[in-house]
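final00.cif, holding mmCIF, C-alpha atoms:
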data_entry
loop_
_atom_site.label_atom_id
_atom_site.label_comp_id
_atom_site.auth_asym_id
_atom_site.auth_seq_id
_atom_site.Cartn_x
_atom_site.Cartn_y
_atom_site.Cartn_z
CA MET A 119 59.07 -20.39 -2.95
CA LYS A 120 57.21 -18.34 -5.51
CA THR A 121 56.40 -14.84 -4.35
CA ARG A 122 52.90 -13.59 -4.99
CA LYS A 123 51.90 -10.08 -5.89
CA GLN A 124 49.51 -9.16 -3.09
CA ASP A 125 48.10 -5.85 -4.25
CA SER A 126 46.46 -6.84 -7.51
CA PRO A 127 43.10 -8.54 -7.74
CA ALA A 128 42.64 -12.23 -8.57
CA THR A 129 45.81 -13.36 -6.79
CA TYR A 130 44.43 -14.39 -3.40
CA GLY A 131 44.88 -18.04 -2.62
CA GLU A 132 44.22 -20.26 0.37
CA HIS A 133 47.26 -18.99 2.27
CA GLU A 134 46.32 -15.32 1.91
CA PHE A 135 42.73 -16.09 2.85
CA THR A 136 43.81 -18.01 5.95
CA VAL A 137 46.21 -15.27 7.06
CA LEU A 138 43.57 -12.60 6.48
CA VAL A 139 40.84 -14.39 8.39
CA GLU A 140 43.13 -15.37 11.27
CA LYS A 141 44.12 -11.71 11.56
CA HIS A 142 40.53 -10.41 11.50
CA LYS A 143 38.64 -13.26 13.15
CA GLY A 144 37.98 -11.15 16.22
CA THR A 145 36.33 -8.52 14.06
CA ILE A 146 34.18 -11.07 12.23
CA TYR A 147 33.25 -12.85 15.45
CA THR A 148 32.21 -9.59 17.11
CA VAL A 149 29.87 -8.77 14.25
CA CYS A 150 28.34 -12.26 14.32
CA TYR A 151 27.94 -12.01 18.09
CA MET A 152 25.89 -8.85 17.68
CA PHE A 153 23.51 -10.54 15.28
CA SER A 154 22.96 -13.88 16.97
CA LYS A 155 21.12 -15.34 19.92
CA ASN A 156 23.30 -18.30 20.80
CA ASN A 157 26.62 -19.98 20.06
CA ASP A 158 25.21 -22.15 17.26
CA GLU A 159 23.96 -19.08 15.45
CA ILE A 160 27.33 -17.37 15.85
CA ASN A 161 28.92 -20.48 14.34
CA ASP A 162 26.53 -20.40 11.36
CA LEU A 163 26.92 -16.67 10.77
CA PHE A 164 30.71 -16.87 11.12
CA GLN A 165 30.88 -19.56 8.50
CA GLU A 166 28.61 -17.67 6.09
CA VAL A 167 30.83 -14.60 6.45
CA LEU A 168 33.95 -16.66 5.75
CA ILE A 169 32.34 -18.13 2.65
CA ASN A 170 31.42 -14.65 1.39
CA ILE A 171 34.93 -13.37 2.10
CA TRP A 172 36.43 -16.28 0.19
CA ASN A 173 34.10 -15.74 -2.76
CA GLY A 174 34.64 -11.99 -2.82
CA LEU A 175 38.35 -11.80 -2.08
CA ASN A 176 39.54 -11.85 -5.66
CA ARG A 177 37.19 -8.99 -6.50
CA PHE A 178 38.59 -6.79 -3.69
CA GLU A 179 40.19 -3.86 -5.48
CA GLY A 180 41.98 -2.31 -2.53
CA LYS A 181 40.06 0.98 -2.76
CA SER A 182 39.26 0.74 0.95
CA ASP A 183 41.17 -0.69 3.87
CA ILE A 184 40.84 -4.48 4.09
CA ARG A 185 39.41 -4.20 7.62
CA THR A 186 36.67 -1.86 6.32
CA TRP A 187 35.92 -4.33 3.54
CA ILE A 188 35.70 -7.24 6.00
CA TYR A 189 33.37 -5.28 8.28
CA ARG A 190 31.21 -4.53 5.27
CA ILE A 191 31.04 -8.18 4.18
CA ALA A 192 30.37 -9.38 7.73
CA LEU A 193 27.63 -6.83 8.37
CA ASN A 194 25.96 -7.34 5.01
CA THR A 195 26.02 -11.11 5.52
CA CYS A 196 24.58 -10.94 9.05
CA ILE A 197 21.92 -8.39 8.14
CA SER A 198 20.96 -10.33 5.05
CA ILE A 199 20.66 -13.61 6.94
CA GLU A 200 18.68 -11.94 9.70
CA ARG A 201 16.24 -10.69 7.11
CA LYS A 202 15.97 -14.00 5.30
CA ASN A 203 16.26 -16.12 8.44
CA LYS A 204 17.93 -18.72 6.31
CA ARG A 205 18.97 -22.15 7.58
CA ARG A 206 21.86 -23.85 5.82
CA LYS A 207 23.62 -27.01 6.84
CA THR A 208 27.00 -25.91 8.15
CA ILE A 209 30.21 -27.57 9.19
CA PRO A 210 31.11 -27.18 12.89
CA LEU A 211 33.96 -24.77 13.50
CA ASP A 212 36.60 -25.24 16.15
CA MET A 213 35.58 -22.35 18.39
CA ASP A 214 35.26 -22.55 22.13
CA ILE A 215 33.89 -19.29 23.48
CA ASN A 216 30.67 -18.84 25.37
CA LEU A 217 29.56 -15.33 26.16
CA TYR A 218 26.02 -16.36 26.91
CA GLU A 219 26.67 -17.74 30.37
CA ASP A 220 25.87 -15.44 33.28
CA THR A 221 28.90 -15.09 35.49
CA ASP A 222 28.58 -12.00 37.67
CA SER A 223 26.35 -8.93 38.01
CA ASP A 224 28.55 -6.82 35.71
CA THR A 225 28.28 -9.44 33.00
CA ARG A 226 24.53 -9.57 33.51
CA GLN A 227 24.26 -5.76 33.16
CA VAL A 228 26.23 -5.96 29.94
CA LYS A 229 23.99 -8.81 28.83
CA MET A 230 20.96 -6.54 29.37
CA LEU A 231 22.61 -3.89 27.21
CA TYR A 232 23.33 -6.54 24.62
CA ASP A 233 19.66 -7.61 24.70
CA ARG A 234 18.56 -4.01 24.13
CA ILE A 235 21.01 -3.66 21.26
CA ASN A 236 19.64 -6.87 19.82
CA ARG A 237 16.20 -5.30 19.65
CA LEU A 238 17.44 -2.51 17.42
CA LYS A 239 16.97 -2.62 13.67
CA PRO A 240 19.86 -4.43 11.93
CA PHE A 241 21.27 -1.23 10.43
CA ASP A 242 21.23 0.55 13.80
CA ARG A 243 22.81 -2.48 15.40
CA ALA A 244 25.61 -2.32 12.84
CA ILE A 245 26.29 1.33 13.67
CA ILE A 246 26.34 0.84 17.44
CA LEU A 247 28.62 -2.18 17.05
CA LEU A 248 31.11 -0.20 14.97
CA TRP A 249 30.98 2.61 17.53
CA LEU A 250 31.66 0.10 20.31
CA GLU A 251 34.68 -1.04 18.32
CA ASN A 252 36.06 2.53 18.55
CA ILE A 253 35.96 2.95 14.80
CA PRO A 254 36.07 6.61 13.67
CA TYR A 255 32.83 8.10 12.35
CA ASP A 256 34.12 8.54 8.82
CA GLU A 257 35.14 4.89 8.66
CA ILE A 258 31.76 3.84 10.07
CA GLY A 259 30.15 5.91 7.33
CA ASP A 260 32.37 4.22 4.75
CA ILE A 261 31.38 0.77 5.97
CA VAL A 262 27.62 1.32 6.16
CA GLY A 263 27.37 3.75 3.25
CA ILE A 264 26.37 7.04 4.91
CA SER A 265 28.18 10.30 5.70
CA ALA A 266 30.12 10.83 8.94
CA LYS A 267 27.65 13.53 9.96
CA ASN A 268 24.76 11.12 9.45
CA VAL A 269 26.59 8.56 11.60
CA SER A 270 26.81 11.08 14.42
CA VAL A 271 23.08 11.86 14.18
CA LYS A 272 22.11 8.20 14.03
CA LEU A 273 24.34 7.31 16.98
CA SER A 274 22.76 9.97 19.10
CA ARG A 275 19.30 8.67 18.23
CA ILE A 276 20.33 5.06 18.84
CA ARG A 277 21.78 5.88 22.28
CA ASP A 278 18.50 7.64 23.18
CA GLU A 279 16.58 4.62 21.97
CA LEU A 280 18.72 2.31 24.08
CA LYS A 281 18.15 4.49 27.14
CA ASN A 282 14.39 4.41 26.66
CA ASN A 283 14.17 0.78 25.57
CA LYS A 284 13.02 -1.40 28.49
CA MET B 265 15.27 -7.84 35.98
CA GLU B 266 16.75 -4.49 35.04
CA THR B 267 17.67 -2.24 37.92
CA SER B 268 17.71 0.91 35.88
CA ASN B 269 16.28 2.14 32.62
CA ASN B 270 19.18 4.49 32.07
CA ILE B 271 22.27 3.36 30.32
CA ASN B 272 25.36 4.85 31.79
CA PRO B 273 28.63 5.24 29.85
CA ASN B 274 30.19 2.54 32.04
CA GLU B 275 27.96 -0.11 30.54
CA PHE B 276 29.15 0.75 27.06
CA ASN B 277 32.75 0.65 28.28
CA GLU B 278 32.15 -2.69 29.95
CA MET B 279 30.66 -4.00 26.74
CA ARG B 280 33.75 -2.82 24.89
CA ALA B 281 35.91 -4.61 27.44
CA GLN B 282 33.85 -7.76 27.04
CA LEU B 283 34.22 -7.67 23.28
CA GLU B 284 37.98 -7.23 23.68
CA THR B 285 38.07 -10.23 26.04
CA MET B 286 36.19 -12.26 23.46
CA LYS B 287 38.72 -11.31 20.78
CA ARG B 288 41.63 -12.25 23.04
CA GLN B 289 40.03 -15.66 23.64
CA LEU B 290 39.80 -16.12 19.90
CA ASP B 291 43.48 -15.29 19.37
CA SER B 292 44.56 -18.64 20.69
CA GLN B 293 42.16 -20.60 18.49
CA LYS B 294 42.62 -21.75 14.93
CA ILE B 295 39.45 -21.09 12.99
CA ILE B 296 40.15 -21.87 9.39
CA ASN B 297 40.08 -25.32 7.99
CA GLY B 298 40.09 -26.47 4.38
CA ARG B 299 36.49 -27.60 4.67
CA ILE B 300 35.27 -24.01 4.78
CA ILE B 301 36.98 -23.24 1.50
CA ARG B 302 35.55 -26.39 -0.09
CA GLN B 303 32.11 -25.44 1.25
CA ALA B 304 32.52 -22.00 -0.34
CA MET B 305 33.31 -23.55 -3.72
CA LYS B 306 30.34 -25.89 -3.47
CA GLN B 307 28.10 -22.97 -2.58
CA LYS B 308 29.34 -21.01 -5.58
CA MET B 309 28.19 -23.82 -7.88
CA SER B 310 24.90 -24.40 -6.09
CA TRP B 311 22.94 -21.84 -8.13
CA ILE B 312 23.40 -24.03 -11.20
CA ASN B 313 21.64 -26.98 -9.56
CA LYS B 314 18.88 -24.71 -8.31
CA PHE B 315 18.39 -23.36 -11.82
CA ILE B 316 18.11 -26.86 -13.29
CA TRP B 317 15.49 -27.79 -10.69
CA ILE B 318 13.52 -24.65 -11.66
CA GLU B 319 13.83 -25.70 -15.32
CA LEU B 320 12.34 -29.09 -14.48
CA THR B 321 9.63 -28.04 -12.03
CA VAL B 322 8.52 -24.70 -13.47
CA PHE B 323 9.60 -24.12 -17.07
CA TYR B 324 9.10 -27.66 -18.37
CA PRO B 325 5.49 -28.03 -17.12
CA ILE B 326 4.71 -24.60 -18.61
CA ILE B 327 6.14 -25.71 -21.96
CA ILE B 328 4.13 -28.95 -21.89
CA ILE B 329 0.89 -27.13 -21.05
CA CYS B 330 1.43 -24.31 -23.55
CA PHE B 331 2.25 -26.49 -26.53
CA SER B 332 -0.50 -28.98 -25.73
CA CYS B 333 -3.03 -26.14 -25.58
CA LEU B 334 -1.72 -24.66 -28.83
CA ALA B 335 -2.02 -28.03 -30.54
CA ILE B 336 -5.60 -28.47 -29.34
CA VAL B 337 -6.84 -24.93 -29.92
CA PHE B 338 -5.22 -24.36 -33.32
CA ASN B 339 -5.37 -27.93 -34.56
CA LEU B 340 -1.62 -28.24 -34.95
CA SER B 341 0.46 -31.34 -35.55
CA TRP B 342 0.85 -33.38 -32.33
CA ILE B 343 4.03 -34.93 -33.69
CA ILE B 344 5.78 -31.56 -33.89
CA CYS B 345 4.51 -30.52 -30.44
CA ALA B 346 5.66 -33.86 -29.01
CA LEU B 347 9.05 -33.35 -30.66
CA ILE B 348 9.42 -29.91 -29.01
CA ILE B 349 8.36 -31.27 -25.62
CA GLY B 350 10.63 -34.29 -26.00
CA LEU B 351 13.66 -32.27 -27.11
CA THR B 352 13.21 -29.82 -24.23
CA GLY B 353 12.96 -32.74 -21.81
CA LEU B 354 16.13 -34.27 -23.24
CA ASP B 355 17.89 -30.92 -22.89
CA ILE B 356 16.93 -30.67 -19.23
CA TYR B 357 18.02 -34.28 -18.64
CA ALA B 358 21.36 -33.43 -20.29
CA ASP B 359 21.66 -30.42 -17.96
CA PHE B 360 21.23 -32.72 -14.94
CA LYS B 361 23.81 -35.22 -16.15
CA ILE B 362 26.38 -32.66 -17.27
CA ASN B 363 26.22 -30.45 -14.16
CA LYS B 364 26.16 -33.24 -11.62
CA ILE B 365 28.91 -33.06 -9.04
CA SER B 366 28.68 -34.91 -5.75
CA ASP B 367 29.35 -33.84 -2.16
CA THR B 368 32.23 -36.32 -2.09
CA ASP B 369 33.95 -34.42 -4.89
CA TRP B 370 33.84 -31.27 -2.78
CA HIS B 371 34.51 -32.50 0.72
CA SER B 372 36.48 -35.70 0.58
CA GLY B 373 37.79 -35.94 -2.93
CA ASN B 374 41.00 -34.78 -4.50
CA LEU B 375 40.37 -31.20 -5.62
CA VAL B 376 42.57 -31.63 -8.68
CA GLU B 377 40.15 -34.34 -9.90
CA THR B 378 37.25 -32.02 -9.08
CA ALA B 379 38.86 -29.30 -11.21
CA LYS B 380 39.15 -31.77 -14.08
CA LYS B 381 35.46 -32.64 -13.70
CA LEU B 382 34.57 -28.94 -13.79
CA ALA B 383 36.64 -28.47 -16.97
CA HIS B 384 34.93 -31.50 -18.54
CA MET B 385 31.57 -30.01 -17.52
CA LYS B 386 32.41 -26.86 -19.48
CA SER B 387 33.22 -28.74 -22.65
CA MET B 388 30.07 -30.87 -22.36
CA ARG B 389 27.95 -27.72 -22.06
CA ILE B 390 29.38 -26.37 -25.33
CA LYS B 391 28.71 -29.69 -27.05
CA GLN B 392 25.15 -29.60 -25.69
CA LEU B 393 24.67 -26.13 -27.19
CA ILE B 394 26.06 -27.24 -30.55
CA VAL B 395 23.57 -30.11 -30.71
CA SER B 396 20.47 -28.61 -29.10
CA ILE B 397 20.35 -25.16 -30.74
CA PRO B 398 20.18 -26.40 -34.35
CA ALA B 399 17.75 -29.16 -33.33
CA LEU B 400 15.44 -26.69 -31.60
CA ILE B 401 15.65 -24.21 -34.49
CA ILE B 402 14.62 -26.94 -36.94
CA VAL B 403 11.76 -28.19 -34.78
CA PHE B 404 10.48 -24.69 -33.99
CA GLY B 405 10.76 -23.82 -37.67
CA LEU B 406 8.51 -26.79 -38.46
CA PHE B 407 6.14 -25.69 -35.69
CA PHE B 408 5.77 -22.16 -37.02
CA TYR B 409 5.41 -23.48 -40.57
CA ASP B 410 2.66 -25.82 -39.36
CA MET B 411 1.00 -22.94 -37.50
CA SER B 412 0.95 -20.63 -40.50
CA SER B 413 -0.03 -23.27 -43.02
CA THR B 414 -2.86 -24.72 -40.91
CA ASN B 415 -4.40 -21.42 -39.86
CA GLY B 416 -3.37 -19.02 -42.61
CA HIS B 417 -3.22 -15.30 -41.80
CA ILE B 418 -5.13 -15.64 -38.52
CA LEU B 419 -2.02 -16.64 -36.61
CA GLN B 420 0.52 -14.55 -38.48
CA GLY B 421 0.91 -12.29 -35.43
CA ASN B 422 1.43 -15.37 -33.25
CA VAL B 423 4.14 -16.65 -35.57
CA VAL B 424 5.97 -13.33 -35.52
CA GLY B 425 5.60 -13.08 -31.76
CA GLY B 426 6.74 -16.65 -31.37
CA ILE B 427 9.85 -16.05 -33.47
CA ILE B 428 10.73 -12.94 -31.46
CA GLY B 429 10.10 -14.83 -28.22
CA GLY B 430 12.20 -17.73 -29.45
CA CYS B 431 15.12 -15.46 -30.29
CA LEU B 432 14.86 -13.82 -26.88
CA GLY B 433 14.74 -17.21 -25.19
CA LEU B 434 17.78 -18.34 -27.15
CA ALA B 435 19.74 -15.23 -26.12
CA ILE B 436 18.80 -15.70 -22.46
CA GLY B 437 19.69 -19.39 -22.63
CA ILE B 438 23.12 -18.66 -24.07
CA TRP B 439 23.71 -15.96 -21.43
CA ILE B 440 22.89 -18.45 -18.66
CA ILE B 441 25.27 -21.04 -20.13
CA MET B 442 28.03 -18.41 -20.32
CA ARG B 443 27.42 -17.51 -16.69
CA MET B 444 27.68 -21.18 -15.74
CA GLN B 445 30.97 -21.36 -17.64
CA ARG B 446 32.29 -18.32 -15.74
CA THR B 447 31.33 -19.91 -12.40
CA ASN B 448 33.24 -23.06 -13.34
CA ASP B 449 36.22 -20.94 -14.38
CA GLU B 450 36.28 -19.12 -11.03
CA VAL B 451 36.20 -22.33 -9.01
CA ILE B 452 38.83 -24.01 -11.21
CA LYS B 453 41.04 -20.97 -10.73
CA GLN B 454 40.58 -21.14 -6.94
CA ILE B 455 41.49 -24.83 -6.92
CA ASN B 456 44.55 -24.21 -9.07
CA GLU B 457 45.67 -21.40 -6.73
CA MET B 458 45.25 -23.68 -3.71
CA THR B 459 47.06 -26.62 -5.20
CA GLU B 460 49.84 -24.40 -6.58
CA GLU B 461 50.26 -22.96 -3.07
CA LYS B 462 50.64 -26.44 -1.60
CA ASP B 463 53.09 -27.52 -4.32
CA ASN B 464 55.31 -24.50 -3.67
CA ILE B 465 55.59 -25.05 0.09
#

Show me the file's structure as structure tokens.
Amino acid sequence: MKTRKQDSPATYGEHEFTVLVEKHKGTIYTVCYMFSKNNDEINDLFQEVLINIWNGLNRFEGKSDIRTWIYRIALNTCISIERKNKRRKTIPLDMDINLYEDTDSDTRQVKMLYDRINRLKPFDRAIILLWLENIPYDEIGDIVGISAKNVSVKLSRIRDELKNNK
Amino acid sequence: METSNNINPNEFNEMRAQLETMKRQLDSQKIINGRIIRQAMKQKMSWINKFIWIELTVFYPIIIICFSCLAIVFNLSWIICALIIGLTGLDIYADFKINKISDTDWHSGNLVETAKKLAHMKSMRIKQLIVSIPALIIVFGLFFYDMSSTNGHILQGNVVGGIIGGCLGLAIGIWIIMRMQRTNDEVIKQINEMTEEKDNI
């Protein structure tokens, strides 16, 4: 089997793409979950993110970590779609997860928190999501394009907003 | 109904736990299928079809109206104006025919055949340029000659402006064609990578 040089641009094929997405699907799904209202929307957003990853993969220069790059693509895609509120015909994906069903009181409390987060501006939602993912402040700043100090300030403001948001 | 307005750290931790649970559920599921990749390729080409529709529904009507008005107002030759309008229409029709690629080619068809169609598309675009640019230069040359000979010095500024505008339009047109060629190249490359991958397994 031919070996492929993985670290230079323009050498990503279907196999690399599949491996990459399978490895980071949880990350992508989490981002889509934060920007959607139901399972169909998650499906649509997920697919749009995959398309953008596929189209952008050969331009990835390796200057940042691949996970950071994927977060950036996923967030930009979700924020952009939220702003445009675009509807595109999509192909159903084989996912079977439903986080929108109420199961117990803890889940319902979390759902309330999720609803409050959903009312934040898209950029703020991105920051709180990355914080929930336990990503360090400097990496959050790298993903969203602000300094680590600014991330800290924004997070503090966002948490206050969530506390006061009914 | 919310029991409390305050968010306690536990809720954030529970949300983290829920997100982790969601990721673990995903681990067992296969997400990727070849259709997504084909959809991505189709989407990459979609801007070309959108551009051709804009050519037909926006630019072409503007051209028809502008040249008709010029012919009426400045008493220009209708034959030359009709030639310009006709040639532009033919060019747009050629764009439709050359850049046509069906959903079947993307989703059900053999991608190797699709790559061949994309390569053929590229060569047809170059042939279209080779034919249409000289034809349009000749016809526009006749138009500007007609404009200056019919109306003398009055429209000299218009002729100069028209020539500058024409050159700018030509440059933009060539840039768009080159961009279309690059899009085809990218998709052909992706198909070749995919099919090479499958051959090597």

Nearby residues (only C-alpha atoms) at most 8 Å from segment 258-272 of chain A, same-chain spacing under 5 positions excluded, as a list in words = Thr186, Trp187, Tyr189, Arg190, Asp242, Ala244, Ile245, Leu248, Trp249 and Ile253 of chain A

How many Å separate atom CA of His384 of chain B from atom CA of Asp359 of chain B?
->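 So the answer is 13.3 Å.
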
Going by the chain IDs and residue numbers used in this file, which residues fall under the PyMOL selection byres ((chain A and resi 197) around 10)? Write them as a short mmCIF file (atom, residue, chain, number, x, y, z; two decimals) with C-alpha atoms, in the coordinates of the input.
data_model
loop_
_atom_site.label_atom_id
_atom_site.label_comp_id
_atom_site.auth_asym_id
_atom_site.auth_seq_id
_atom_site.Cartn_x
_atom_site.Cartn_y
_atom_site.Cartn_z
CA CYS A 150 28.34 -12.26 14.32
CA PHE A 153 23.51 -10.54 15.28
CA ILE A 191 31.04 -8.18 4.18
CA ALA A 192 30.37 -9.38 7.73
CA LEU A 193 27.63 -6.83 8.37
CA ASN A 194 25.96 -7.34 5.01
CA THR A 195 26.02 -11.11 5.52
CA CYS A 196 24.58 -10.94 9.05
CA SER A 198 20.96 -10.33 5.05
CA ILE A 199 20.66 -13.61 6.94
CA GLU A 200 18.68 -11.94 9.70
CA ARG A 201 16.24 -10.69 7.11
CA LYS A 202 15.97 -14.00 5.30
CA ASN A 203 16.26 -16.12 8.44
CA LYS A 239 16.97 -2.62 13.67
CA PRO A 240 19.86 -4.43 11.93
CA PHE A 241 21.27 -1.23 10.43
CA ARG A 243 22.81 -2.48 15.40
CA ALA A 244 25.61 -2.32 12.84
#

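In terms of minimum interatomic distance to chain B, A:Glu132 ranks closest within A:Glu132, A:Asn176, A:Glu166, A:Leu247, counting only C-alpha atoms.
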
Among the residues B:Glu457, B:Val376, B:Gln420, B:Phe315, the one that comes closest to Phe135 of chain A [using only C-alpha atoms] |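 Using only C-alpha atoms, Phe135 of chain A sits closest to B:Glu457.
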
What residues have an atom no more than 12 Å from (14.3, -27.1, -34.3) in the file's own frame, counting all atoms listed in the file, and can you write them as a PyMOL selection string?
-> chain B and resi 344-345+347-352+395-409+427+430+434

Evaluate the PyMOL selection byres ((chain B and resi 368) around 12) on the structure here and hand back the selected residues as a list in words.
->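 So the PyMOL selection byres ((chain B and resi 368) around 12), applied here, picks out Arg299, Arg302, Gln303, Lys306, Lys364, Ile365, Ser366, Asp367, Asp369, Trp370, His371, Ser372, Gly373, Asn374, Leu375, Glu377 and Thr378 of chain B.
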
Report the distance between atom CA of Ile300 of chain B and atom CA of Ala379 of chain B in Å, rounded to one decimal place.
->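 So the answer is 17.2 Å.
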
Within 12 Å of (36.7, -14.1, -0.2), only C-alpha atoms: residues as number ranges by chain?
-> A: 127-136, 138-139, 165-178, 184, 187-188, 191-192; B: 300-301, 304-305, 308, 450, 454

Counting all atoms listed in the file, the residue among A:Ser274, A:Asn252, A:Ser182, A:Asn157 that lies closest to chain B is A:Asn252

Could you check how far atom CA of Glu319 of chain B sits from atom CA of Leu340 of chain B, in Å to one decimal?
-> 25.1 Å

Rank B:Ile428, B:Leu334, B:Ile316, B:Ile327 by their smallest atom-to-atom distance to Asn415 of chain B, using only C-alpha atoms, and report the top residue only.
->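 With only C-alpha atoms as the atom set, the closest residue is B:Leu334.
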
Target residues per the PyMOL selection byres ((chain A and resi 233-237) around 8), formatted as an MDAnalysis selection string = chainID A and resid 152:153 229:232 238:239 243 246 280 283:284

Compare A:Lys281, A:Val149, A:Val137, A:Pro254 by their minimum atom-to-atom distance to chain B, counting only C-alpha atoms, and give me the closest one.
-> A:Lys281
